[in-house]
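What follows is a set of notes on a single structure, which appears directly below.
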Amino acid sequence: MLLDNNYHIPVLLLPSIDAMVTNRDGIYVDATYGGGSHSREILRRLSSSGKLIAFDKDSDALNNDIINDNRFQLIHSDYKYLKKYLRYYGIERIDGILADLGVSSHQLDENERGFSFQSDEPLDMRMNALQETNAESILMNYTEAELVRVWSEYSELTNALKIAQKWIKDRKFIRLNSCKDFSDWVTPFIYGPRNKFLAKLFQGLRIEVNGELQGLSELLRQSEELLIPGGRIVILSYHSLEDRIVKKFLKGDNEGPIDWMNNKSSKKFSIINKKLIEADEQEINKNSRSRSVKMRIAERI
């Protein structure tokens, strides 16, 4: 299946690649291939001696107009296995890593993927369709304590306990046929703007389904070992949980309990952008999803 060119609209395309590629002959990693826009731009910056390794755990990405270039290798895997795959290809050190976190435009727009709280399709949210656990299985099988953890830590909802308690009582009598069914069920618990609340609720489930924060922390830890001195890491995040982890890691800040990260490293990166880089008004007008992006750049010491 060849997907259209709008598989994913890249955010901060040129600024991110400008920041990462400092050596035209270097070896680089695009940790989140998606529609391939970032990878194509990276390859445009590299010489014939350069090399790019890209990762994506979504099989749809592998069916989308794959780049044909002998400097390029696309790996169907989660980026948390970065080090293992680089070793397989005989690569010990790299010059840069780019990670555009979160959900692709394709995943959000394809109703059958079950990411949207407005979808009439079943609750799914798997970025890797081969894994067994999806959002519906979490809702139907998690304990009250596990659901409270998801909605308090990942959705940052103040009424996570009340939602979990009521859901545990009701779920034995409920058949969820769609994302919208669960959105309708949770309506009595909504506070503030409806869409914002539901976005946070579903965000928590999505993060849990895909192990997103654990994967991010693994990527960051491995970057310490893999990047050469002077090598760059560029991370684009879309919500505060991701950005908080990235910020603390790059600053070498070990204060505060971040259980999924367990960062014990000393400061090994120099922050390049002291001020967060965000999308400008022109980009936001073209792509409203870029509104929440925060880009951080750091260099391996």
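Here, A, B, ... name the chains of the structure tokens in the order displayed, residue numbers run from 1 inside each chain, and ligands are numbered from 1 in the same displayed order.
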Would you list, as JSON, numbers by chain, the residues of region 67-269 of chain A that end up in helix (DSSP H, G or I) under DSSP run on this structure's backbone?
{"A": [79, 80, 81, 82, 83, 84, 85, 86, 87, 88, 105, 106, 107, 108, 109, 111, 112, 113, 135, 136, 137, 138, 139, 140, 141, 144, 145, 146, 147, 148, 149, 150, 151, 152, 153, 154, 160, 161, 162, 163, 164, 165, 166, 167, 168, 169, 170, 171, 172, 173, 179, 180, 181, 182, 183, 184, 185, 187, 188, 189, 194, 195, 196, 197, 198, 199, 200, 201, 202, 203, 204, 205, 206, 207, 208, 209, 210, 212, 213, 214, 215, 216, 217, 218, 219, 220, 221, 222, 223, 224, 225, 226, 240, 241, 242, 243, 244, 245, 246, 247, 248, 249, 250, 251]}
Need the shell around Ala99 (chain A): protein/DNA/RNA residues with any atom at most 6 Å away, counting only C-alpha atoms. Skip same-chain ones fewer than 3 positions apart. Format as a list in words?
Ala31, Thr32 and Ile235 of chain A
### 12 Å contact set for region 278-283 of chain A, only C-alpha atoms, chain neighbours under 3 positions out, as a PyMOL selection string
chain A and resi 9-16+235-238+273+275+286-296
Mind dumping a table of every region 119-171 of chain A residue within 10 Å of region 55-75 of chain A, with the nearest atom pair and its distance in Å to one decimal, using only C-alpha atoms, sorted by chain and rising number, as CSV?
residue,atom,partner,partner_atom,distance
A:Arg126,CA,A:Asp58,CA,8.5
A:Met127,CA,A:Asp58,CA,5.3
A:Asn128,CA,A:Asp58,CA,4.8
A:Ala129,CA,A:Asp58,CA,7.0
A:Leu130,CA,A:Ser59,CA,8.6
**Message:** Which of region 59-233 of chain A end up as strand (DSSP E) when DSSP is run on this backbone - answer as JSON, numbers by chain?
**Reply:** {"A": [72, 73, 74, 75, 94, 95, 96, 97, 98, 99, 100, 227, 228, 229, 230, 231, 232, 233]}
Report task. Excluding Asp30 (chain A) and residues on its chain fewer than 6 positions from it, collect all residues at most 7 Å away from it, counting only C-alpha atoms, and give them as a list in words. Result -> Ser39, Ile53, Ala54, Phe55, Ile97, Leu98 and Ala99 of chain A
I need the chosen residues saved as a CSV table (one decimal), in the first residue's frame, with N, CA and C atoms.
chain,number,residue,atom,x,y,z
A,39,SER,N,14.0,12.7,7.2
A,39,SER,CA,15.1,11.8,6.6
A,39,SER,C,15.5,12.4,5.2
A,53,ILE,N,20.4,6.3,9.4
A,53,ILE,CA,19.7,5.2,9.9
A,53,ILE,C,18.4,5.7,10.5
A,54,ALA,N,17.2,5.2,10.0
A,54,ALA,CA,15.9,5.7,10.5
A,54,ALA,C,15.2,4.5,11.1
A,55,PHE,N,14.3,4.9,12.1
A,55,PHE,CA,13.5,3.9,12.9
A,55,PHE,C,12.1,4.3,12.8
A,97,ILE,N,21.3,12.7,16.5
A,97,ILE,CA,20.0,12.0,16.6
A,97,ILE,C,18.9,13.0,16.6
A,98,LEU,N,17.9,12.7,15.8
A,98,LEU,CA,16.7,13.5,15.7
A,98,LEU,C,15.5,12.6,16.2
A,99,ALA,N,14.6,13.1,17.1
A,99,ALA,CA,13.4,12.4,17.4
A,99,ALA,C,12.3,13.4,17.5
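The gap separating CA of Ile138 (chain A) from CA of Ser178 (chain A) is 14.3 Å, in Å to one decimal.
Going from CA of Ser47 (chain A) to CA of Arg24 (chain A) covers 5.2 Å.
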A straight line from CA of Trp151 (chain A) to CA of Arg244 (chain A) spans 17.4 Å
Please provide as a list in words all residues within 9 Å of Ala164 (chain A), with the sequence filter that same-chain residues fewer than 5 positions apart are discarded (counting only C-alpha atoms). Thr143, Glu144, Ala145, Glu146, Leu147, Val148, Trp151, Asn159 and Lys169 of chain A
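Taking only C-alpha atoms into account, Gln222 (chain A) lies nearest to A:Phe249 out of the set A:Phe249, A:Ile42, A:Tyr154, A:Phe182.
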Within 6 Å of Ser119 (chain A), counting only C-alpha atoms, which residues show up once you throw out same-chain ones fewer than 2 positions away? Write them as number ranges by chain, please.
-> A: 111, 116-117, 121, 179-180
request  = Could you give me, as number ranges by chain, the residues within 9 Å of Gly204 (chain A), counting only C-alpha atoms and dropping anything in the same chain fewer than 4 positions from it?
outcome  = A: 150-156, 199-200, 208-209
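Proximity to Ser183 (chain A) was assessed for A:Ile301, A:Ile168, A:Leu201, A:Ile271 counting only C-alpha atoms; the smallest distance is recorded for A:Leu201.
Nearest residue to Glu218 (chain A), choosing from A:Arg175, A:Arg206, A:Arg45, A:Lys84 and counting only C-alpha atoms: A:Lys84.
Using only C-alpha atoms for every distance, the candidate list A:Leu176, A:Leu205, A:Ile190, A:Ile163 yields A:Leu176 as the residue closest to Pro122 (chain A).
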Of A:Leu220, A:Ile284, A:Met140, A:Leu250, the one sitting nearest Lys80 (chain A) when using only C-alpha atoms is A:Leu220
